[in-house]
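Heads up, query.cif below (mmCIF, C-alpha atoms):
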data_target
#
loop_
_atom_site.label_atom_id
_atom_site.label_comp_id
_atom_site.auth_asym_id
_atom_site.auth_seq_id
_atom_site.Cartn_x
_atom_site.Cartn_y
_atom_site.Cartn_z
CA MET A 1 31.87 19.66 25.80
CA ALA A 2 28.48 21.35 26.19
CA GLY A 3 27.85 21.07 22.42
CA SER A 4 28.62 17.35 22.37
CA LEU A 5 26.38 16.79 25.37
CA LEU A 6 23.56 18.65 23.61
CA LEU A 7 23.87 16.45 20.51
CA LEU A 8 23.95 13.23 22.56
CA THR A 9 20.92 14.32 24.58
CA GLN A 10 19.00 15.07 21.39
CA ALA A 11 20.02 11.71 19.89
CA PHE A 12 18.86 9.75 22.94
CA LEU A 13 15.59 11.71 23.11
CA TYR A 14 14.93 11.27 19.39
CA PHE A 15 15.70 7.56 19.40
CA GLY A 16 13.75 6.91 22.59
CA VAL A 17 10.55 8.56 21.42
CA MET A 18 10.68 7.14 17.88
CA THR A 19 11.37 3.57 19.00
CA ALA A 20 8.57 3.83 21.56
CA LEU A 21 6.19 4.68 18.70
CA LEU A 22 7.70 1.85 16.67
CA ARG A 23 7.37 -0.65 19.50
CA PHE A 24 3.68 0.06 20.06
CA ARG A 25 2.73 0.26 16.37
CA ARG A 26 0.61 -2.89 16.72
CA GLY A 27 -1.65 -1.07 19.17
CA PHE A 28 -2.16 2.33 17.56
CA GLY A 29 -0.93 1.76 14.02
CA ILE A 30 2.19 2.48 12.01
CA GLY A 31 0.75 5.84 10.93
CA VAL A 32 1.73 7.50 14.22
CA PHE A 33 5.37 6.51 13.70
CA VAL A 34 5.32 7.63 10.06
CA CYS A 35 3.77 11.02 10.90
CA ALA A 36 6.31 11.65 13.65
CA LEU A 37 9.07 10.69 11.24
CA GLY A 38 7.96 13.13 8.57
CA VAL A 39 6.74 16.12 10.56
CA MET A 40 10.25 17.30 11.48
CA HIS A 41 11.70 17.53 7.97
CA PHE A 42 11.17 21.27 7.62
CA LEU A 43 12.85 21.87 10.98
CA GLU A 44 15.75 19.63 9.94
CA THR A 45 16.28 21.65 6.78
CA TYR A 46 15.91 25.00 8.55
CA LEU A 47 18.39 24.11 11.29
CA ALA A 48 20.81 22.66 8.75
CA ALA A 49 20.84 26.05 7.01
CA VAL A 50 21.01 28.48 9.94
CA PHE A 51 21.88 26.79 13.26
CA PHE A 52 25.39 25.49 13.94
CA ILE A 53 27.35 24.41 17.00
CA GLU A 54 31.09 24.98 16.96
CA LEU A 55 33.11 21.95 18.03
CA PRO A 56 36.90 21.38 17.83
CA PHE A 57 36.61 19.52 14.52
CA GLY A 58 34.23 21.98 12.80
CA LEU A 59 30.70 23.40 12.59
CA ILE A 60 27.84 21.03 13.43
CA SER A 61 24.13 21.40 12.75
CA PRO A 62 21.79 19.43 15.07
CA GLY A 63 19.22 19.31 12.28
CA SER A 64 21.58 17.43 10.01
CA THR A 65 23.56 15.47 12.60
CA VAL A 66 20.79 14.25 14.89
CA MET A 67 17.44 14.60 13.13
CA PHE A 68 18.38 13.60 9.61
CA SER A 69 20.79 10.85 10.66
CA GLY A 70 18.18 9.60 13.11
CA LYS A 71 15.53 9.57 10.40
CA LEU A 72 17.64 7.33 8.16
CA ALA A 73 18.39 5.07 11.13
CA MET A 74 14.65 4.79 11.83
CA ILE A 75 13.87 3.95 8.22
CA LEU A 76 16.50 1.21 8.25
CA LEU A 77 15.30 -0.10 11.62
CA LEU A 78 11.73 -0.21 10.33
CA TYR A 79 12.92 -2.26 7.36
CA ILE A 80 14.82 -4.68 9.58
CA ILE A 81 11.85 -5.48 11.82
CA GLU A 82 9.16 -5.23 9.14
CA ASP A 83 9.74 -5.42 5.37
CA SER A 84 10.03 -3.31 2.23
CA GLU A 85 6.26 -3.07 1.77
CA THR A 86 6.05 -1.23 5.09
CA VAL A 87 9.18 0.89 4.78
CA ARG A 88 8.22 2.27 1.38
CA GLN A 89 5.26 4.07 2.97
CA PRO A 90 7.33 6.71 4.81
CA ILE A 91 9.83 6.93 1.95
CA TYR A 92 7.23 7.81 -0.67
CA GLY A 93 5.16 9.78 1.85
CA LEU A 94 8.11 12.02 2.74
CA LEU A 95 8.91 12.61 -0.92
CA ILE A 96 5.35 13.55 -1.91
CA GLY A 97 4.54 15.49 1.27
CA ASN A 98 7.68 17.63 1.15
CA ALA A 99 7.27 18.31 -2.57
CA LEU A 100 3.68 19.39 -1.91
CA MET A 101 4.78 21.73 0.89
CA VAL A 102 7.36 23.40 -1.36
CA GLY A 103 4.77 23.82 -4.11
CA LEU A 104 2.26 25.42 -1.74
CA VAL A 105 4.88 27.85 -0.41
CA LEU A 106 5.92 28.84 -3.93
CA LEU A 107 2.34 29.77 -4.74
CA LEU A 108 2.38 32.28 -1.88
CA ARG A 109 4.87 34.36 -3.87
CA PHE A 110 2.05 35.37 -6.21
CA TYR A 111 0.22 37.18 -3.40
CA GLU A 112 1.28 40.16 -1.33
CA PRO A 113 0.45 39.54 2.37
CA ALA A 114 -1.48 42.11 4.38
CA SER A 115 0.80 44.52 6.24
CA GLY A 116 0.60 45.90 9.75
CA LEU A 117 -1.12 42.89 11.27
CA SER A 118 1.95 41.72 13.11
CA HIS A 119 5.44 42.93 13.92
CA LEU A 120 6.69 39.64 12.45
CA GLY A 121 6.68 39.96 8.69
CA PRO A 122 7.31 37.00 6.39
CA ASP A 123 10.98 36.49 5.53
CA LEU A 124 10.48 35.53 1.90
CA VAL A 125 14.20 35.35 1.18
CA LEU A 126 14.60 32.77 3.93
CA ILE A 127 11.53 30.92 2.68
CA ASP A 128 13.01 30.83 -0.82
CA HIS A 129 16.34 29.53 0.46
CA VAL A 130 14.76 26.90 2.66
CA GLY A 131 12.40 25.96 -0.19
CA VAL A 132 15.31 25.28 -2.54
CA LEU A 133 17.04 23.28 0.18
CA MET A 134 13.80 21.37 0.84
CA VAL A 135 13.63 20.31 -2.80
CA TRP A 136 17.28 19.27 -2.78
CA GLY A 137 17.09 17.66 0.66
CA THR A 138 13.90 15.77 -0.16
CA THR A 139 15.46 14.38 -3.32
CA LEU A 140 18.51 13.28 -1.35
CA LEU A 141 16.31 11.80 1.38
CA PHE A 142 14.51 9.69 -1.21
CA LEU A 143 17.78 8.47 -2.71
CA ASP A 144 19.34 7.93 0.73
CA SER A 145 16.35 5.88 1.91
CA LEU A 146 16.52 3.59 -1.10
CA ALA A 147 20.29 3.31 -0.88
CA ILE A 148 20.47 2.50 2.81
CA VAL A 149 18.16 -0.48 2.42
CA LEU A 150 20.02 -1.73 -0.65
CA VAL A 151 23.43 -1.37 0.99
CA TYR A 152 22.18 -3.06 4.17
CA GLU A 153 20.80 -5.95 2.11
CA ALA A 154 24.11 -6.42 0.29
CA LEU A 155 26.11 -6.33 3.52
CA SER A 156 23.66 -8.66 5.29
CA ARG A 157 24.23 -11.26 2.61
CA ARG A 158 27.97 -10.91 3.17
CA TRP A 159 27.60 -11.29 6.95
CA PRO A 160 24.45 -13.37 7.44
CA GLY A 161 23.03 -13.35 10.93
CA HIS A 162 24.70 -10.05 11.85
CA THR A 163 22.93 -6.71 12.22
CA PHE A 164 25.33 -4.30 13.90
CA LEU A 165 28.11 -4.18 11.30
CA PRO A 166 25.83 -4.03 8.20
CA MET A 167 23.76 -1.28 9.83
CA LEU A 168 26.81 0.74 10.89
CA LEU A 169 28.48 0.51 7.48
CA SER A 170 25.20 1.30 5.71
CA LEU A 171 24.66 4.45 7.76
CA THR A 172 28.25 5.65 7.41
CA ALA A 173 28.31 5.09 3.64
CA VAL A 174 24.97 6.75 2.92
CA LEU A 175 25.50 9.64 5.35
CA THR A 176 28.91 10.31 3.79
CA PHE A 177 27.28 10.65 0.38
CA ASP A 178 24.50 12.78 1.85
CA GLN A 179 26.92 15.11 3.67
CA ILE A 180 28.83 15.87 0.48
CA ALA A 181 25.70 16.31 -1.63
CA PHE A 182 23.67 18.37 0.85
CA PHE A 183 26.63 20.60 1.77
CA THR A 184 27.01 21.44 -1.91
CA GLY A 185 23.46 22.77 -1.89
CA LEU A 186 23.99 24.58 1.41
CA HIS A 187 27.14 26.26 0.13
CA ILE A 188 25.49 27.43 -3.09
CA VAL A 189 22.24 28.63 -1.52
CA ALA A 190 23.27 29.85 1.93
CA GLY A 191 27.03 30.33 1.62
CA THR A 192 27.75 27.81 4.38
CA PRO A 193 31.52 27.74 5.11
CA ALA A 194 33.68 24.75 4.29
CA ALA A 195 34.24 24.08 8.00
CA ALA A 196 30.71 22.68 8.09
CA LEU A 197 31.55 20.02 5.49
CA PHE A 198 34.22 18.18 7.47
CA GLY A 199 32.69 18.95 10.85
CA GLY A 200 29.30 17.72 9.71
CA TRP A 201 30.82 14.54 8.29
CA VAL A 202 32.66 13.75 11.53
CA ALA A 203 29.48 14.40 13.50
CA LYS A 204 27.42 12.16 11.20
CA MET A 205 29.94 9.37 11.58
CA GLY A 206 29.55 9.71 15.33
CA ALA A 207 25.77 9.76 14.91
CA SER A 208 26.01 6.56 12.84
CA LEU A 209 27.82 4.79 15.65
CA CYS A 210 25.49 6.19 18.31
CA PHE A 211 22.28 5.25 16.51
CA THR A 212 23.63 1.83 15.52
CA LEU A 213 24.51 1.04 19.13
CA MET A 214 21.03 2.07 20.27
CA ALA A 215 19.42 0.11 17.44
CA ALA A 216 21.45 -2.98 18.33
CA PHE A 217 20.28 -2.67 21.93
CA TYR A 218 16.68 -2.29 20.74
CA LEU A 219 16.92 -5.35 18.48
CA ARG A 220 18.59 -7.39 21.20
CA TRP A 221 16.45 -6.53 24.21
CA VAL A 222 13.20 -4.94 23.00
CA GLU A 223 12.12 -6.35 19.63
CA ARG A 224 13.91 -9.01 17.67
CA PRO A 225 13.66 -9.11 13.85
CA PRO A 226 11.19 -11.74 12.62
CA ALA A 227 12.65 -15.17 11.97
CA GLY A 228 13.43 -15.79 8.35
CA HIS A 229 13.45 -12.11 7.45
CA GLU A 230 14.67 -12.00 3.86
CA GLY A 231 15.96 -9.20 1.71
CA SER A 232 14.30 -8.09 -1.47
CA GLY A 233 17.25 -7.55 -3.73
CA THR A 234 17.67 -4.50 -5.93
CA ALA A 235 15.13 -5.36 -8.60
CA GLN A 236 12.39 -6.39 -6.19
CA LEU A 237 12.97 -3.94 -3.33
CA PHE A 238 9.53 -2.31 -3.43
CA GLY A 239 7.68 -5.04 -5.28
CA LYS A 240 8.02 -7.43 -2.36
CA LEU A 241 4.75 -8.29 -0.70
CA THR A 242 4.14 -8.49 3.01
CA TYR A 243 3.06 -11.80 4.50
CA ARG A 244 -0.43 -10.34 4.86
CA HIS A 245 -0.54 -9.46 1.17
CA ARG A 246 0.74 -12.89 0.25
CA TYR A 247 -2.02 -14.44 2.31
CA GLU A 248 -4.62 -12.20 0.68
CA ALA A 249 -3.30 -13.03 -2.79
CA LEU A 250 -3.40 -16.75 -2.01
CA LEU A 251 -6.90 -16.42 -0.59
CA SER A 252 -8.07 -14.52 -3.65
CA ALA A 253 -6.58 -17.13 -5.97
CA SER A 254 -8.29 -19.95 -4.06
CA ARG A 255 -11.76 -18.43 -4.53
CA THR A 256 -11.46 -16.99 -8.04
CA ASP A 257 -12.00 -18.69 -11.37
CA PRO A 258 -8.67 -18.27 -13.21
CA LEU A 259 -10.26 -17.95 -16.66
CA THR A 260 -13.03 -15.43 -16.14
CA GLY A 261 -12.11 -13.68 -12.89
CA ALA A 262 -15.51 -14.48 -11.40
CA PHE A 263 -15.69 -16.19 -8.01
CA ASN A 264 -15.52 -19.97 -8.31
CA ARG A 265 -18.02 -22.62 -7.21
CA ARG A 266 -16.08 -23.48 -4.07
CA HIS A 267 -16.39 -19.92 -2.85
CA PHE A 268 -20.06 -19.84 -3.83
CA GLU A 269 -20.79 -22.86 -1.65
CA THR A 270 -19.49 -21.01 1.41
CA ALA A 271 -20.35 -17.39 0.57
CA ALA A 272 -23.96 -17.94 -0.51
CA PRO A 273 -25.14 -19.65 2.72
CA ALA A 274 -23.30 -16.98 4.71
CA ARG A 275 -25.05 -14.19 2.81
CA LEU A 276 -28.41 -15.89 3.30
CA ALA A 277 -27.77 -16.25 7.04
CA ARG A 278 -26.94 -12.55 7.21
CA ALA A 279 -30.13 -11.66 5.32
CA ILE A 280 -32.16 -13.77 7.74
CA ALA A 281 -30.51 -12.20 10.78
CA GLU A 282 -31.01 -8.66 9.45
CA GLY A 283 -34.50 -9.24 8.14
CA GLY A 284 -33.39 -8.53 4.57
CA SER A 285 -33.71 -10.30 1.24
CA LEU A 286 -31.38 -12.26 -1.03
CA SER A 287 -31.88 -13.05 -4.70
CA LEU A 288 -30.12 -15.82 -6.61
CA ALA A 289 -29.99 -15.80 -10.41
CA LEU A 290 -28.79 -18.80 -12.41
CA VAL A 291 -27.47 -17.78 -15.83
CA ASP A 292 -26.86 -20.46 -18.48
CA ILE A 293 -25.42 -19.50 -21.89
CA ASP A 294 -27.57 -20.98 -24.63
CA HIS A 295 -26.01 -23.56 -26.99
CA PHE A 296 -22.52 -22.73 -25.79
CA LYS A 297 -21.18 -26.09 -26.94
CA GLN A 298 -21.68 -24.94 -30.53
CA VAL A 299 -19.28 -22.04 -29.94
CA ASN A 300 -16.53 -24.45 -28.87
CA ASP A 301 -17.33 -26.92 -31.66
CA THR A 302 -17.48 -24.40 -34.53
CA GLN A 303 -15.05 -21.70 -33.42
CA GLY A 304 -12.66 -23.53 -31.11
CA HIS A 305 -12.05 -23.51 -27.38
CA GLN A 306 -10.03 -20.30 -27.48
CA ALA A 307 -13.02 -18.49 -28.91
CA GLY A 308 -15.18 -20.14 -26.26
CA ASP A 309 -12.85 -18.98 -23.48
CA LEU A 310 -12.93 -15.43 -24.84
CA ALA A 311 -16.73 -15.55 -24.95
CA LEU A 312 -16.89 -16.62 -21.29
CA LYS A 313 -14.63 -13.73 -20.30
CA ARG A 314 -16.82 -11.27 -22.19
CA VAL A 315 -19.95 -12.65 -20.55
CA VAL A 316 -18.49 -12.20 -17.06
CA ASN A 317 -17.31 -8.68 -17.87
CA ALA A 318 -20.78 -7.82 -19.16
CA LEU A 319 -22.45 -9.26 -16.06
CA LEU A 320 -20.09 -7.39 -13.76
CA ALA A 321 -20.85 -4.16 -15.60
CA SER A 322 -24.59 -4.66 -15.23
CA ILE A 323 -24.83 -5.47 -11.52
CA ARG A 324 -24.50 -3.36 -8.39
CA PRO A 325 -21.19 -3.11 -6.47
CA SER A 326 -22.57 -5.26 -3.66
CA ASP A 327 -23.63 -8.08 -6.01
CA GLU A 328 -21.37 -11.05 -6.72
CA VAL A 329 -20.81 -13.20 -9.82
CA PHE A 330 -19.76 -16.85 -9.50
CA ARG A 331 -18.82 -19.35 -12.19
CA TYR A 332 -21.01 -22.28 -11.18
CA GLY A 333 -20.19 -24.64 -14.03
CA GLY A 334 -18.66 -24.60 -17.51
CA ASP A 335 -21.03 -22.06 -19.04
CA GLU A 336 -23.28 -21.48 -16.04
CA PHE A 337 -23.05 -18.54 -13.64
CA VAL A 338 -24.71 -17.44 -10.42
CA ILE A 339 -25.39 -13.87 -9.33
CA LEU A 340 -26.16 -13.12 -5.69
CA SER A 341 -27.98 -9.87 -4.98
CA GLY A 342 -29.04 -8.60 -1.60
CA GLY A 343 -31.80 -6.11 -0.85
CA LEU A 344 -33.69 -6.27 -4.13
CA ALA A 345 -37.42 -5.58 -3.85
CA GLU A 346 -39.68 -8.32 -5.21
CA GLU A 347 -41.15 -6.06 -7.86
CA ASP A 348 -37.66 -5.21 -9.15
CA LEU A 349 -36.62 -8.83 -9.81
CA PRO A 350 -38.07 -9.12 -13.36
CA ARG A 351 -36.28 -5.94 -14.49
CA TYR A 352 -33.07 -7.08 -12.81
CA ALA A 353 -33.18 -10.50 -14.51
CA GLU A 354 -33.93 -8.84 -17.85
CA ARG A 355 -30.90 -6.59 -17.39
CA LEU A 356 -28.74 -9.68 -16.91
CA ARG A 357 -30.19 -11.26 -20.04
CA ARG A 358 -29.50 -8.15 -22.11
CA ALA A 359 -25.96 -7.96 -20.73
CA VAL A 360 -25.19 -11.46 -22.01
CA ALA A 361 -26.85 -10.76 -25.36
CA GLY A 362 -24.75 -7.64 -25.80
CA SER A 363 -21.46 -9.35 -24.98
CA GLY A 364 -21.12 -11.50 -28.07
CA GLY A 365 -21.29 -9.08 -30.98
CA ALA A 366 -22.33 -9.75 -34.56
CA SER A 367 -19.59 -12.33 -35.18
CA GLN A 368 -20.41 -14.38 -32.11
CA PRO A 369 -24.02 -13.86 -30.98
CA LEU A 370 -24.78 -15.11 -27.47
CA THR A 371 -27.96 -15.50 -25.49
CA ALA A 372 -28.73 -16.83 -22.02
CA SER A 373 -31.53 -18.51 -20.13
CA ILE A 374 -31.99 -17.21 -16.60
CA GLY A 375 -33.85 -18.48 -13.57
CA ILE A 376 -34.14 -16.21 -10.54
CA ALA A 377 -35.49 -16.85 -7.04
CA SER A 378 -35.41 -14.84 -3.83
CA PHE A 379 -35.55 -15.15 -0.09
CA PRO A 380 -37.99 -14.91 1.66
CA ALA A 381 -40.61 -14.89 -1.14
CA ASP A 382 -39.60 -18.15 -2.86
CA ALA A 383 -37.61 -20.15 -0.31
CA ALA A 384 -36.48 -20.11 3.32
CA THR A 385 -33.25 -22.12 3.01
CA PHE A 386 -30.24 -21.99 0.74
CA ASP A 387 -30.85 -25.41 -0.84
CA ALA A 388 -34.47 -24.53 -1.52
CA LEU A 389 -33.48 -21.19 -3.02
CA LEU A 390 -30.98 -22.85 -5.37
CA ARG A 391 -33.51 -25.51 -6.40
CA LYS A 392 -36.15 -22.86 -7.14
CA ALA A 393 -33.76 -20.86 -9.33
CA ASP A 394 -32.68 -24.04 -11.12
CA MET A 395 -36.29 -25.03 -11.77
CA ARG A 396 -36.99 -21.60 -13.28
CA LEU A 397 -33.84 -21.84 -15.40
CA TYR A 398 -35.15 -25.03 -17.02
CA GLU A 399 -38.50 -23.37 -17.45
CA ALA A 400 -36.77 -20.58 -19.40
CA LYS A 401 -35.12 -23.18 -21.61
CA ASP A 402 -38.42 -24.98 -22.22
CA LEU A 403 -40.00 -21.68 -23.25
CA GLY A 404 -37.45 -21.24 -26.05
CA ARG A 405 -34.33 -19.91 -24.27
CA ASP A 406 -33.02 -16.33 -24.38
CA ARG A 407 -35.34 -15.29 -21.60
CA ALA A 408 -35.54 -14.86 -17.82
CA VAL A 409 -38.09 -16.54 -15.55
CA GLY A 410 -38.82 -15.60 -11.96
CA GLY A 411 -39.66 -12.64 -9.79
#
Can the structure in the file be given as structure tokens, please?
Amino acid sequence: MAGSLLLLTQAFLYFGVMTALLRFRRGFGIGVFVCALGVMHFLETYLAAVFFIELPFGLISPGSTVMFSGKLAMILLLYIIEDSETVRQPIYGLLIGNALMVGLVLLLRFYEPASGLSHLGPDLVLIDHVGVLMVWGTTLLFLDSLAIVLVYEALSRRWPGHTFLPMLLSLTAVLTFDQIAFFTGLHIVAGTPAAALFGGWVAKMGASLCFTLMAAFYLRWVERPPAGHEGSGTAQLFGKLTYRHRYEALLSASRTDPLTGAFNRRHFETAAPARLARAIAEGGSLSLALVDIDHFKQVNDTQGHQAGDLALKRVVNALLASIRPSDEVFRYGGDEFVILSGGLAEEDLPRYAERLRRAVAGSGGASQPLTASIGIASFPADAATFDALLRKADMRLYEAKDLGRDRAVGG
């Protein structure tokens, strides 16, 4: 009776603290929940190897029954209220972190510790045993975490709109597999008696029911799953994007030129005035370079539009390689590009424009020589408004063309 009460108390304490961290993840971040989830894995493994409670149906380890079963329940609960993009973070983090810990401990075997500093000497045999079990347990944890989400998804499709039964069956199925597999390792490494196999399985089945009941209460009264929560399916389990990532991908697609990868003109018409306003507010500078590829129509006419498209891609790649990380490249027209650069000194503008010109000239190669005419203007030296800055750069671009092309004017 006392042993059962101990296990129930641990289960309620574990679930209460972990779901509190989960509930307030919007305030202090999901990292707190993930760290708390992973920090106890060594203790779980240690207790599973050396600490057992004797109950009428067999030997029970709190590390395996409460902590490990609770961890899988938390991973599944996180998936239910979030998505696979979020739940893969603790799954991969636990795998890598535990593997790293085992590797670091193994390296200690190559060094003899100083003696006489403490009456507690290192128990290297125990460390070796726990290390082997950590490797085996971590591997099983990784497989269990993947499996429990997949099984839950399959059962949810069978019983749409239900959470309790799919969660209970998922936990019981995966924990049954885990009990058999982990006990095999325990028996080989630590000589754990067979009584722990059946006793541990019975206890894990009870833990499955206990944690499922608490999870159902949490999902009913504390935090409901988001409407329209969809499964990922086996093939797409960890390729599924969060809604935030979908939004970011859509936003990126709406402001990027699909051919060259440069920002498009629509984005330029909003980003450039915003950057100028920031430069004005901060007392900084902003330079605008208009780059027009010389006689580009001849490339399309003589070599075909595929060759022309490839040339535009090479030009953008060359420009991106020649500018600073804070600078931006926009495709302004068919063969015309704009580069925005903040913080350039006035005396550096000619060298900067010349670097852009050389970048374009070096992008074509012997079989497809390319040159560009460039006009560059800057705030505050040349203009005080965005429209005036663009007009000044455009005027200098035509001046470069009138002077024979393949040159930069401005600065």
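For the file at hand, the PyMOL selection byres ((chain A and resi 58) around 12) resolves to Gly3, Phe52, Ile53, Glu54, Leu55, Pro56, Phe57, Leu59, Ile60, Ser61, Pro193, Ala194, Ala195, Ala196, Leu197, Phe198, Gly199, Gly200, Trp201, Val202 and Ala203 of chain A.
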Residues returned when the PyMOL selection byres ((chain A and resi 159-169) around 8) runs on this file, as a PDB file with C-alpha atoms, keeping the file's coordinate frame:
ATOM      1  CA  LEU A  76      16.500   1.210   8.250  1.00  0.00           C
ATOM      2  CA  TYR A 152      22.180  -3.060   4.170  1.00  0.00           C
ATOM      3  CA  LEU A 155      26.110  -6.330   3.520  1.00  0.00           C
ATOM      4  CA  SER A 156      23.660  -8.660   5.290  1.00  0.00           C
ATOM      5  CA  ARG A 157      24.230 -11.260   2.610  1.00  0.00           C
ATOM      6  CA  ARG A 158      27.970 -10.910   3.170  1.00  0.00           C
ATOM      7  CA  SER A 170      25.200   1.300   5.710  1.00  0.00           C
ATOM      8  CA  LEU A 171      24.660   4.450   7.760  1.00  0.00           C
ATOM      9  CA  THR A 172      28.250   5.650   7.410  1.00  0.00           C
ATOM     10  CA  ALA A 173      28.310   5.090   3.640  1.00  0.00           C
ATOM     11  CA  SER A 208      26.010   6.560  12.840  1.00  0.00           C
ATOM     12  CA  LEU A 209      27.820   4.790  15.650  1.00  0.00           C
ATOM     13  CA  THR A 212      23.630   1.830  15.520  1.00  0.00           C
ATOM     14  CA  LEU A 213      24.510   1.040  19.130  1.00  0.00           C
ATOM     15  CA  ALA A 216      21.450  -2.980  18.330  1.00  0.00           C
TER      16      ALA A 216
END
Close residues, Thr138 of chain A itself excluded, 10 Å, only C-alpha atoms, min 4 positions apart in chain, as number ranges by chain
A: 41-42, 45, 91, 94-99, 132-134, 142-144
Evaluate the PyMOL selection byres ((chain A and resi 353) around 8) and record the selected residues as a list in words, following the chain and residue labels used in the document.
Ala289, Leu349, Pro350, Arg351, Tyr352, Glu354, Arg355, Leu356, Arg357, Ile374, Ile376, Ala408 and Val409 of chain A
Quick one: residues within 7 Å of Leu312 of chain A, only C-alpha atoms, excluding same-chain residues fewer than 4 positions away - as a PyMOL selection string?
chain A and resi 260+308+316
